[in-house]
$ cat upload.tsv   # TSV, C-alpha atoms and all ligand atoms
chain	number	residue	atom	x	y	z
A	156	MET	CA	-127.59	-32.01	-44.28
A	157	LEU	CA	-124.75	-34.56	-44.40
A	158	GLU	CA	-123.44	-33.03	-47.65
A	159	LYS	CA	-123.51	-29.63	-46.07
A	160	ILE	CA	-121.42	-30.91	-43.14
A	161	GLU	CA	-118.94	-32.61	-45.48
A	162	ALA	CA	-118.59	-29.40	-47.46
A	163	LEU	CA	-117.96	-27.42	-44.28
A	164	LEU	CA	-115.39	-30.00	-43.09
A	165	ALA	CA	-113.46	-29.57	-46.34
A	166	GLU	CA	-113.76	-25.79	-46.07
A	167	VAL	CA	-112.49	-25.72	-42.48
A	168	ALA	CA	-109.47	-27.85	-43.36
A	169	GLN	CA	-108.41	-25.24	-45.94
A	170	LEU	CA	-108.80	-22.17	-43.71
A	171	THR	CA	-105.91	-19.70	-43.64
A	172	ALA	CA	-105.42	-16.36	-41.95
A	173	THR	CA	-102.92	-13.53	-42.37
A	174	SER	CA	-103.56	-11.83	-39.04
A	175	LEU	CA	-105.19	-12.29	-35.66
A	176	ASP	CA	-108.11	-10.20	-36.97
A	177	ASP	CA	-108.60	-12.77	-39.72
A	178	VAL	CA	-108.68	-15.56	-37.14
A	179	GLU	CA	-111.32	-13.68	-35.15
A	180	LYS	CA	-113.45	-13.27	-38.29
A	181	LEU	CA	-113.23	-17.00	-38.91
A	182	ARG	CA	-114.20	-17.72	-35.32
A	183	ILE	CA	-117.27	-15.51	-35.66
A	184	LYS	CA	-118.16	-17.04	-39.01
A	185	TYR	CA	-117.91	-20.67	-37.90
A	186	ILE	CA	-118.21	-21.11	-34.16
A	187	SER	CA	-119.69	-18.03	-32.52
A	188	LYS	CA	-123.27	-18.36	-31.31
A	189	LYS	CA	-124.69	-17.18	-34.62
A	190	GLY	CA	-121.98	-18.95	-36.64
A	191	LEU	CA	-122.44	-21.64	-39.25
A	192	ILE	CA	-121.79	-24.59	-36.96
A	193	PRO	CA	-124.21	-23.67	-34.12
A	194	SER	CA	-126.86	-22.93	-36.76
A	195	LEU	CA	-126.37	-26.52	-38.02
A	196	MET	CA	-127.27	-27.62	-34.51
A	197	ASN	CA	-130.61	-25.85	-34.93
A	198	ASP	CA	-131.26	-27.64	-38.22
A	199	PHE	CA	-130.44	-30.92	-36.46
A	200	ARG	CA	-133.93	-31.01	-35.01
A	201	SER	CA	-135.41	-31.58	-38.46
A	202	VAL	CA	-133.05	-34.48	-39.33
A	203	PRO	CA	-135.01	-37.77	-39.77
A	204	ALA	CA	-134.62	-40.11	-36.77
A	205	GLU	CA	-132.68	-42.79	-38.68
A	206	LEU	CA	-130.01	-40.25	-39.72
A	207	LYS	CA	-129.73	-38.53	-36.35
A	208	LYS	CA	-126.88	-40.67	-35.02
A	209	GLU	CA	-124.65	-40.36	-38.08
A	210	THR	CA	-125.37	-36.67	-38.44
A	211	GLY	CA	-124.70	-36.02	-34.76
A	212	ILE	CA	-121.29	-37.68	-34.98
A	213	LYS	CA	-120.43	-35.65	-38.08
A	214	ILE	CA	-121.50	-32.34	-36.52
A	215	ASN	CA	-119.37	-33.07	-33.48
A	216	GLU	CA	-116.42	-33.89	-35.72
A	217	LEU	CA	-116.90	-30.63	-37.57
A	218	LYS	CA	-117.11	-28.71	-34.32
A	219	THR	CA	-113.85	-30.17	-32.97
A	220	LYS	CA	-112.00	-29.76	-36.29
A	221	ALA	CA	-113.12	-26.14	-36.59
A	222	LEU	CA	-112.07	-25.36	-33.00
A	223	GLU	CA	-108.71	-27.05	-33.47
A	224	LYS	CA	-108.08	-25.27	-36.75
A	225	ILE	CA	-108.97	-21.84	-35.41
A	226	ASN	CA	-106.87	-22.36	-32.27
A	227	ALA	CA	-103.93	-23.49	-34.36
A	228	LEU	CA	-104.24	-20.42	-36.59
A	229	ARG	CA	-104.38	-18.20	-33.50
A	230	ASP	CA	-101.30	-19.92	-31.99
A	231	GLY	CA	-99.39	-19.12	-35.14
A	232	PHE	CA	-99.63	-15.42	-34.31
A	233	ALA	CA	-99.47	-15.69	-30.56
A	234	THR	CA	-95.75	-15.10	-30.06
A	235	SER	CA	-95.20	-12.47	-32.71
A	236	ASP	CA	-98.22	-10.42	-31.71
A	237	ALA	CA	-97.86	-10.88	-27.97
A	238	ASP	CA	-98.76	-7.60	-26.39
A	239	ASP	CA	-97.27	-8.03	-22.98
A	240	SER	CA	-95.13	-5.05	-22.03
A	241	ASP	CA	-93.47	-6.91	-19.12
A	242	PHE	CA	-92.15	-9.58	-21.45
A	243	ASP	CA	-88.35	-9.22	-21.83
A	244	ILE	CA	-87.35	-10.88	-25.09
A	245	THR	CA	-83.63	-10.34	-24.36
A	246	ARG	CA	-83.70	-12.45	-21.21
A	247	THR	CA	-82.17	-15.95	-21.32
A	248	GLY	CA	-84.91	-18.53	-21.01
A	249	TYR	CA	-83.08	-20.62	-18.43
A	250	PRO	CA	-79.52	-20.77	-17.10
A	251	LEU	CA	-77.57	-22.04	-20.10
A	252	PRO	CA	-74.38	-23.85	-19.14
A	253	LEU	CA	-71.56	-22.23	-21.11
A	254	GLY	CA	-68.49	-24.14	-22.24
A	255	THR	CA	-64.95	-23.05	-21.44
A	256	ARG	CA	-62.09	-22.32	-23.76
A	257	HIS	CA	-59.55	-25.10	-24.00
A	258	PRO	CA	-56.33	-24.32	-22.06
A	259	LEU	CA	-54.24	-24.90	-25.19
A	260	ASN	CA	-56.38	-22.42	-27.07
A	261	ILE	CA	-56.10	-19.87	-24.31
A	262	VAL	CA	-52.31	-20.13	-24.38
A	263	LYS	CA	-52.13	-20.22	-28.18
A	264	SER	CA	-54.13	-16.99	-28.41
A	265	GLU	CA	-51.90	-15.39	-25.83
A	266	ILE	CA	-48.74	-16.32	-27.77
A	267	VAL	CA	-50.23	-15.14	-31.08
A	268	ASP	CA	-51.39	-11.96	-29.41
A	269	ILE	CA	-47.94	-11.10	-28.05
A	270	PHE	CA	-46.31	-11.63	-31.45
A	271	SER	CA	-49.02	-9.73	-33.33
A	272	ARG	CA	-48.22	-6.72	-31.20
A	273	LEU	CA	-44.65	-7.07	-32.51
A	274	GLY	CA	-45.87	-6.97	-36.12
A	275	PHE	CA	-46.15	-10.71	-36.82
A	276	CYS	CA	-49.05	-11.85	-39.05
A	277	LEU	CA	-50.93	-15.09	-38.60
A	278	ALA	CA	-50.15	-17.82	-41.16
A	279	GLU	CA	-51.40	-21.38	-41.46
A	280	GLY	CA	-50.60	-24.48	-43.48
A	281	PRO	CA	-52.02	-27.98	-43.95
A	282	GLU	CA	-51.64	-30.73	-41.35
A	283	VAL	CA	-51.51	-33.38	-44.08
A	284	GLU	CA	-48.37	-32.29	-45.88
A	285	ASP	CA	-45.88	-33.52	-48.43
A	286	ASP	CA	-42.33	-34.56	-47.73
A	287	TRP	CA	-41.02	-31.47	-49.52
A	288	HIS	CA	-42.55	-28.85	-47.22
A	289	VAL	CA	-41.90	-30.76	-43.99
A	290	PHE	CA	-38.38	-32.01	-44.72
A	291	SER	CA	-36.67	-31.28	-48.06
A	292	ALA	CA	-37.46	-27.56	-48.21
A	293	MET	CA	-36.30	-27.31	-44.59
A	294	ASN	CA	-32.89	-28.74	-45.48
A	295	PHE	CA	-33.27	-32.20	-43.94
A	296	ALA	CA	-30.81	-34.66	-45.51
A	297	ASP	CA	-32.37	-37.57	-47.39
A	298	ASP	CA	-31.23	-39.99	-44.69
A	299	HIS	CA	-32.25	-37.82	-41.73
A	300	PRO	CA	-33.78	-40.04	-39.01
A	301	ALA	CA	-36.88	-37.81	-38.76
A	302	ARG	CA	-37.93	-39.14	-42.17
A	303	ASP	CA	-38.08	-42.60	-40.67
A	304	MET	CA	-41.36	-44.47	-40.21
A	305	GLN	CA	-40.44	-44.67	-36.54
A	306	ASP	CA	-40.98	-40.94	-36.13
A	307	THR	CA	-43.38	-39.87	-38.83
A	308	PHE	CA	-46.91	-40.91	-39.77
A	309	PHE	CA	-47.24	-41.67	-43.47
A	310	VAL	CA	-50.45	-41.75	-45.44
A	311	GLU	CA	-50.77	-45.34	-46.51
A	312	SER	CA	-49.84	-46.00	-50.15
A	313	HIS	CA	-48.62	-42.39	-50.57
A	314	PRO	CA	-45.03	-42.42	-49.33
A	315	ASP	CA	-44.73	-38.73	-50.15
A	316	ILE	CA	-47.71	-37.63	-48.04
A	317	ILE	CA	-47.27	-37.39	-44.28
A	318	LEU	CA	-48.77	-35.79	-41.21
A	319	ARG	CA	-46.56	-32.79	-40.53
A	320	THR	CA	-44.13	-33.38	-37.67
A	321	HIS	CA	-43.56	-29.68	-37.02
A	322	THR	CA	-45.03	-26.31	-37.97
A	323	SER	CA	-41.73	-25.38	-39.66
A	324	SER	CA	-43.42	-26.59	-42.86
A	325	VAL	CA	-45.49	-23.38	-42.80
A	326	GLN	CA	-42.23	-21.40	-43.20
A	327	SER	CA	-41.77	-23.07	-46.57
A	328	ARG	CA	-45.47	-22.66	-47.52
A	329	VAL	CA	-45.23	-18.91	-46.96
A	330	MET	CA	-41.76	-18.30	-48.46
A	331	GLU	CA	-42.66	-20.08	-51.70
A	332	ARG	CA	-45.48	-17.60	-52.36
A	333	GLN	CA	-44.24	-14.40	-50.76
A	334	GLN	CA	-41.04	-12.36	-51.01
A	335	PRO	CA	-39.63	-10.60	-47.92
A	336	PRO	CA	-40.33	-8.81	-45.73
A	337	ILE	CA	-42.00	-11.82	-44.11
A	338	ARG	CA	-42.98	-11.75	-40.46
A	339	ILE	CA	-45.31	-14.58	-39.53
A	340	ILE	CA	-46.53	-16.54	-36.53
A	341	CYS	CA	-47.99	-19.98	-37.29
A	342	PRO	CA	-49.82	-22.02	-34.66
A	343	GLY	CA	-50.99	-25.53	-35.44
A	344	ARG	CA	-51.23	-29.21	-34.66
A	345	VAL	CA	-48.36	-31.59	-35.39
A	346	TYR	CA	-48.05	-35.39	-35.30
A	347	ARG	CA	-45.30	-37.79	-34.28
A	348	ASN	CA	-45.24	-41.54	-34.07
A	349	GLU	CA	-44.78	-41.73	-30.30
A	350	ALA	CA	-46.25	-44.02	-27.68
A	351	ILE	CA	-48.81	-42.06	-25.64
A	352	SER	CA	-47.79	-41.39	-22.04
A	353	ALA	CA	-47.94	-38.60	-19.47
A	354	ARG	CA	-44.96	-36.94	-21.17
A	355	ALA	CA	-45.44	-37.73	-24.88
A	356	HIS	CA	-48.35	-37.83	-27.29
A	357	CYS	CA	-48.81	-38.72	-30.92
A	358	PHE	CA	-50.19	-35.24	-31.60
A	359	PHE	CA	-49.43	-31.93	-29.97
A	360	HIS	CA	-49.31	-28.24	-30.85
A	361	GLN	CA	-46.59	-25.84	-31.88
A	362	VAL	CA	-46.17	-22.20	-32.76
A	363	GLU	CA	-43.64	-21.29	-35.40
A	364	GLY	CA	-42.21	-17.82	-35.94
A	365	LEU	CA	-40.35	-16.55	-38.99
A	366	TYR	CA	-38.89	-13.16	-39.85
A	367	VAL	CA	-37.07	-12.61	-43.15
A	368	ASP	CA	-35.86	-9.20	-44.27
A	369	GLU	CA	-32.78	-7.36	-45.46
A	370	GLN	CA	-31.09	-6.76	-42.13
A	371	VAL	CA	-32.10	-9.34	-39.58
A	372	SER	CA	-29.64	-10.28	-36.85
A	373	PHE	CA	-29.35	-12.76	-34.03
A	374	THR	CA	-29.65	-9.80	-31.66
A	375	ASP	CA	-33.12	-9.06	-33.08
A	376	LEU	CA	-34.09	-12.67	-32.42
A	377	LYS	CA	-32.83	-12.59	-28.86
A	378	GLN	CA	-34.58	-9.31	-28.13
A	379	VAL	CA	-37.93	-10.51	-29.50
A	380	LEU	CA	-37.70	-13.77	-27.53
A	381	LEU	CA	-36.81	-11.94	-24.31
A	382	LEU	CA	-39.81	-9.69	-24.78
A	383	PHE	CA	-42.02	-12.69	-25.45
A	384	ALA	CA	-40.78	-14.54	-22.33
A	385	GLN	CA	-41.41	-11.52	-20.12
A	386	GLU	CA	-44.87	-10.86	-21.55
A	387	MET	CA	-45.79	-14.50	-21.14
A	388	PHE	CA	-44.23	-15.33	-17.80
A	389	GLY	CA	-43.75	-12.01	-16.07
A	390	GLU	CA	-41.32	-9.10	-16.13
A	391	GLY	CA	-38.63	-10.69	-13.97
A	392	THR	CA	-38.26	-13.68	-16.31
A	393	LYS	CA	-34.71	-14.28	-17.56
A	394	ILE	CA	-33.71	-16.14	-20.72
A	395	ARG	CA	-30.59	-18.00	-21.77
A	396	LEU	CA	-29.64	-19.38	-25.16
A	397	ARG	CA	-27.68	-22.60	-25.52
A	398	PRO	CA	-26.04	-23.65	-28.81
A	399	SER	CA	-27.96	-26.42	-30.56
A	400	TYR	CA	-28.53	-27.95	-33.98
A	401	PHE	CA	-31.47	-27.87	-36.39
A	402	PRO	CA	-31.08	-28.53	-40.12
A	403	PHE	CA	-33.01	-25.36	-41.02
A	404	THR	CA	-31.13	-22.84	-38.87
A	405	GLU	CA	-27.47	-21.86	-38.58
A	406	PRO	CA	-26.47	-20.98	-35.96
A	407	SER	CA	-29.14	-22.73	-33.88
A	408	ALA	CA	-30.02	-22.41	-30.23
A	409	GLU	CA	-32.38	-23.66	-27.59
A	410	MET	CA	-33.86	-21.15	-25.23
A	411	ASP	CA	-34.43	-21.66	-21.51
A	412	ILE	CA	-36.36	-19.37	-19.22
A	413	SER	CA	-35.80	-19.01	-15.50
A	414	CYS	CA	-38.19	-21.54	-13.95
A	415	ASN	CA	-41.38	-19.62	-13.21
A	416	ILE	CA	-42.56	-22.27	-10.79
A	417	CYS	CA	-39.73	-21.93	-8.24
A	418	GLY	CA	-38.53	-18.52	-9.44
A	419	GLY	CA	-35.15	-20.01	-10.43
A	420	LYS	CA	-34.34	-21.51	-7.03
A	421	GLY	CA	-34.67	-25.08	-8.26
A	422	CYS	CA	-37.64	-27.46	-8.05
A	423	GLY	CA	-38.92	-30.77	-9.40
A	424	PHE	CA	-40.22	-29.12	-12.58
A	425	CYS	CA	-36.85	-27.62	-13.58
A	426	LYS	CA	-34.97	-30.67	-12.25
A	427	HIS	CA	-33.34	-28.38	-9.69
A	428	THR	CA	-31.50	-26.38	-12.34
A	429	GLY	CA	-33.61	-23.21	-12.09
A	430	TRP	CA	-34.06	-23.23	-15.91
A	431	VAL	CA	-36.61	-24.79	-18.26
A	432	GLU	CA	-36.27	-25.18	-22.01
A	433	ILE	CA	-39.15	-23.66	-23.97
A	434	LEU	CA	-38.13	-23.33	-27.61
A	435	GLY	CA	-35.72	-23.88	-30.47
A	436	CYS	CA	-34.52	-21.02	-32.65
A	437	GLY	CA	-31.80	-19.72	-34.91
A	438	MET	CA	-30.89	-17.81	-38.05
A	439	VAL	CA	-32.62	-19.28	-41.12
A	440	HIS	CA	-30.11	-21.43	-43.00
A	441	PRO	CA	-29.22	-19.68	-46.32
A	442	ARG	CA	-29.97	-22.96	-48.10
A	443	VAL	CA	-33.55	-22.89	-46.72
A	444	LEU	CA	-33.99	-19.40	-48.16
A	445	GLU	CA	-32.67	-20.53	-51.55
A	446	LEU	CA	-34.73	-23.75	-51.58
A	447	ASN	CA	-37.82	-21.61	-51.09
A	448	GLY	CA	-37.05	-19.05	-53.77
A	449	ILE	CA	-35.54	-16.28	-51.65
A	450	ASP	CA	-32.19	-14.62	-52.46
A	451	SER	CA	-29.93	-15.51	-49.51
A	452	LYS	CA	-27.38	-12.84	-50.51
A	453	LYS	CA	-29.96	-10.11	-50.12
A	454	TYR	CA	-32.05	-11.48	-47.25
A	455	LYS	CA	-31.50	-12.99	-43.83
A	456	GLY	CA	-33.97	-14.38	-41.35
A	457	TYR	CA	-34.55	-15.81	-37.96
A	458	ALA	CA	-36.99	-18.53	-36.91
A	459	PHE	CA	-38.20	-20.11	-33.73
A	460	GLY	CA	-40.57	-22.90	-32.74
A	461	MET	CA	-42.18	-23.84	-29.46
A	462	GLY	CA	-44.58	-26.43	-28.08
A	463	ILE	CA	-47.87	-24.99	-26.81
A	464	GLU	CA	-48.33	-27.88	-24.34
A	465	ARG	CA	-44.98	-27.04	-22.77
A	466	ILE	CA	-45.85	-23.37	-22.32
A	467	THR	CA	-49.27	-24.35	-20.94
A	468	ASN	CA	-47.64	-26.75	-18.46
A	469	LEU	CA	-45.41	-23.98	-17.26
A	470	LYS	CA	-48.35	-21.61	-16.84
A	471	TYR	CA	-50.83	-24.05	-15.33
A	472	GLN	CA	-48.70	-26.98	-14.14
A	473	VAL	CA	-50.63	-29.69	-15.96
A	474	LYS	CA	-48.79	-32.86	-14.99
A	475	ASP	CA	-50.14	-35.27	-17.59
A	476	LEU	CA	-50.17	-34.42	-21.33
A	477	ARG	CA	-53.12	-36.74	-21.90
A	478	MET	CA	-55.39	-34.38	-19.95
A	479	PHE	CA	-55.33	-32.01	-22.93
A	480	SER	CA	-57.07	-34.43	-25.26
A	481	GLU	CA	-59.32	-36.49	-23.01
A	482	ASN	CA	-62.11	-33.91	-22.79
A	483	ASP	CA	-62.71	-34.48	-19.10
A	484	VAL	CA	-65.00	-31.55	-18.29
A	485	ARG	CA	-63.80	-31.45	-14.67
A	486	PHE	CA	-60.34	-30.59	-16.01
A	487	LEU	CA	-61.62	-28.19	-18.68
A	488	ARG	CA	-63.84	-26.29	-16.19
A	489	GLU	CA	-60.76	-25.39	-14.17
A	490	PHE	CA	-59.96	-22.90	-16.92
A	491	GLU	CA	-63.27	-21.06	-16.67
A	492	ALA	CA	-61.70	-18.03	-15.01
A	493	ALA	CA	-58.79	-17.95	-17.44
A	494	ASN	CA	-61.08	-17.01	-20.32
B	501	LIG	N1	-39.21	-27.58	-35.71
B	501	LIG	C1	-38.53	-27.77	-34.44
B	501	LIG	C2	-39.15	-28.95	-33.71
B	501	LIG	O1	-40.20	-29.39	-34.06
B	501	LIG	C3	-38.64	-26.54	-33.58
B	501	LIG	C4	-37.85	-25.41	-34.12
B	501	LIG	C5	-36.52	-25.29	-33.80
B	501	LIG	C6	-38.42	-24.49	-34.99
B	501	LIG	C7	-35.77	-24.23	-34.28
B	501	LIG	C8	-37.66	-23.44	-35.49
B	501	LIG	C9	-36.33	-23.33	-35.13
B	501	LIG	O2	-38.18	-22.53	-36.32
B	501	LIG	O3	-35.62	-22.28	-35.60
B	501	LIG	O4	-38.57	-29.45	-32.79

$ encode --input "upload.tsv" --output "structure tokens"
Amino acid sequence: MLEKIEALLAEVAQLTATSLDDVEKLRIKYISKKGLIPSLMNDFRSVPAELKKETGIKINELKTKALEKINALRDGFATSDADDSDFDITRTGYPLPLGTRHPLNIVKSEIVDIFSRLGFCLAEGPEVEDDWHVFSAMNFADDHPARDMQDTFFVESHPDIILRTHTSSVQSRVMERQQPPIRIICPGRVYRNEAISARAHCFFHQVEGLYVDEQVSFTDLKQVLLLFAQEMFGEGTKIRLRPSYFPFTEPSAEMDISCNICGGKGCGFCKHTGWVEILGCGMVHPRVLELNGIDSKKYKGYAFGMGIERITNLKYQVKDLRMFSENDVRFLREFEAAN
């Protein structure tokens, strides 16, 4: 009798089923009234008295194991074969808290979207860059202060490898592998060796634009930037260009927009001037074209670069730059509706 029980225990442990019907057959075979296990109970009467205790324990063990096994096999099919017509499998199980898009991402997408409608393609480059793409190819003199340790993060023991200080490096990355026409928009993170405060951070975000073709003029640049400003900040927005200097553009300019917080009347944000600076721009320096393998006699270009934090501040009046990287969900949730 004991051997029979042991054999059944081993058998039960190995049971498998490929459908609910199979499970039902196993149930009938082992545990239904006329099944193998209840019939063992009948034989129990003829077990000699001295073996009764041990045998009883074993039969009980077999009974529990068989029940457990058959229930487990049945559970395996329960969800897939559930035949409950009211059960809506598309319904969310419980209210799932959804995240929000980061304000800088919202604004970045908006900028990229405006320029894509003007025919600009998305381009990207590495954040860990070499000196050539960040500085030399962009016509920075060897002794330019931006190359200084004070301003730039270097990768230790590799004096040539740095964290890019501006997205202008992507201009060079694209020009070296593609001949004009080039019309790209390049968003990305940049790094500068600055003390962190409400108004400065050691990393921030920029969007770079570049257009190189046979007949590109400063007028084209101004027109595209005006359109951008009005799409971004509203139809009534005015722009003004002030002469400036960048090594990679000639002539260079900085662009202001009429302050969209006070509508140009003058407020704390625009320092009571009615204007706020939002970007740098200019005609690509012919030397930059040549350094990157483009014939400067045949082609001309314009470029511009702006800080995403600055545009976001103007749109949402975020007073402290650190809010963007602290991941305080109370701040991030404020942008729920802006998605
Ligand atoms: N790279 C400049 C910066 O980081 C921004 C800039 C100015 C980009 C003028 C341009 C440009 O493409 O034409 O401050």

$ atom_distance --input "upload.tsv" --atom1 "CA of Pro402 (chain A)" --atom2 "CA of Met387 (chain A)"
27.8 Å

$ residues_around --input "upload.tsv" --residues "Gly437 (chain A)" --least-positions-apart "5" --cutoff "6 Å" --atoms "all atoms listed in the file" --output "ChimeraX atom specification"
/A:404,406-408,457-458

$ residues_near_point --input "upload.tsv" --point "(-47.6, -30.4, -44.6)" --cutoff "9 Å" --atoms "all atoms listed in the file" --output "VMD selection string"
chain A and resid 280 to 289 316 to 322 324 to 325 328

$ atom_distance --input "upload.tsv" --atom1 "CA of Leu487 (chain A)" --atom2 "CA of Ala350 (chain A)"
23.8 Å

$ closest_residue --input "upload.tsv" --among "A:Gly190, A:Pro250, A:Pro258, A:Gly389" --to "Phe479 (chain A)" --atoms "all atoms listed in the file"
A:Pro258

$ closest_residue --input "upload.tsv" --among "A:Asp483, A:Glu464, A:Asp475, A:Glu265" --to "Gln361 (chain A)" --atoms "all atoms listed in the file"
A:Glu464

$ residues_around --input "upload.tsv" --residues "Lys180 (chain A)" --least-positions-apart "6" --cutoff "12 Å" --atoms "all atoms listed in the file" --output "PyMOL selection string"
chain A and resi 170-174+186-187+190+225+228-229

$ closest_residue --input "upload.tsv" --among "A:Leu396, A:Leu157, A:Cys425, A:Leu476" --to "Phe373 (chain A)" --atoms "all atoms listed in the file"
A:Leu396

$ closest_residue --input "upload.tsv" --among "A:Tyr185, A:Phe486, A:Phe275, A:Phe401" --to "ligand LIG 501 (chain B)" --atoms "all atoms listed in the file"
A:Phe401

$ axis_aligned_box --input "upload.tsv" --around "ligand LIG 501 (chain B)" --padding-each-side "5 Å" --output "AutoDock Vina command-line options"
--center_x -37.9 --center_y -25.9 --center_z -34.6 --size_x 14.6 --size_y 17.2 --size_z 13.5

$ residues_near_point --input "upload.tsv" --point "(-59.9, -25.5, -23.8)" --cutoff "10 Å" --atoms "only C-alpha atoms" --output "list in words"
Gly254, Thr255, Arg256, His257, Pro258, Leu259, Asn260, Ile261, Val262, Phe479, Ser480, Asn482, Val484, Phe486, Leu487, Arg488, Glu489, Phe490, Glu491, Ala493 and Asn494 of chain A

$ atom_distance --input "upload.tsv" --atom1 "CA of Ala355 (chain A)" --atom2 "CA of Ile466 (chain A)"
14.6 Å

$ build_atoms --input "upload.tsv" --residues "region 361-372 of chain A" --atoms "N, CA and C atoms" --output "mmCIF file, keeping the file's coordinate frame"
data_model
loop_
_atom_site.group_PDB
_atom_site.id
_atom_site.type_symbol
_atom_site.label_atom_id
_atom_site.label_comp_id
_atom_site.auth_asym_id
_atom_site.auth_seq_id
_atom_site.Cartn_x
_atom_site.Cartn_y
_atom_site.Cartn_z
ATOM 1 N N GLN A 361 -47.776 -26.697 -31.852
ATOM 2 C CA GLN A 361 -46.590 -25.840 -31.880
ATOM 3 C C GLN A 361 -46.960 -24.449 -32.391
ATOM 4 N N VAL A 362 -46.068 -23.516 -32.122
ATOM 5 C CA VAL A 362 -46.170 -22.200 -32.760
ATOM 6 C C VAL A 362 -44.823 -21.923 -33.391
ATOM 7 N N GLU A 363 -44.857 -21.572 -34.656
ATOM 8 C CA GLU A 363 -43.640 -21.290 -35.400
ATOM 9 C C GLU A 363 -43.564 -19.797 -35.652
ATOM 10 N N GLY A 364 -42.355 -19.236 -35.593
ATOM 11 C CA GLY A 364 -42.210 -17.820 -35.940
ATOM 12 C C GLY A 364 -41.154 -17.694 -37.014
ATOM 13 N N LEU A 365 -41.348 -16.754 -37.921
ATOM 14 C CA LEU A 365 -40.350 -16.550 -38.990
ATOM 15 C C LEU A 365 -40.296 -15.062 -39.340
ATOM 16 N N TYR A 366 -39.063 -14.545 -39.413
ATOM 17 C CA TYR A 366 -38.890 -13.160 -39.850
ATOM 18 C C TYR A 366 -37.783 -13.142 -40.898
ATOM 19 N N VAL A 367 -38.076 -12.706 -42.086
ATOM 20 C CA VAL A 367 -37.070 -12.610 -43.150
ATOM 21 C C VAL A 367 -37.108 -11.189 -43.704
ATOM 22 N N ASP A 368 -35.935 -10.560 -43.726
ATOM 23 C CA ASP A 368 -35.860 -9.200 -44.270
ATOM 24 C C ASP A 368 -34.411 -8.905 -44.622
ATOM 25 N N GLU A 369 -34.135 -7.647 -44.998
ATOM 26 C CA GLU A 369 -32.780 -7.360 -45.460
ATOM 27 C C GLU A 369 -31.747 -7.365 -44.335
ATOM 28 N N GLN A 370 -32.093 -6.842 -43.192
ATOM 29 C CA GLN A 370 -31.090 -6.760 -42.130
ATOM 30 C C GLN A 370 -31.644 -7.376 -40.847
ATOM 31 N N VAL A 371 -31.582 -8.676 -40.782
ATOM 32 C CA VAL A 371 -32.100 -9.340 -39.580
ATOM 33 C C VAL A 371 -30.912 -9.974 -38.866
ATOM 34 N N SER A 372 -30.805 -9.746 -37.571
ATOM 35 C CA SER A 372 -29.640 -10.280 -36.850
ATOM 36 C C SER A 372 -30.071 -11.187 -35.699
#
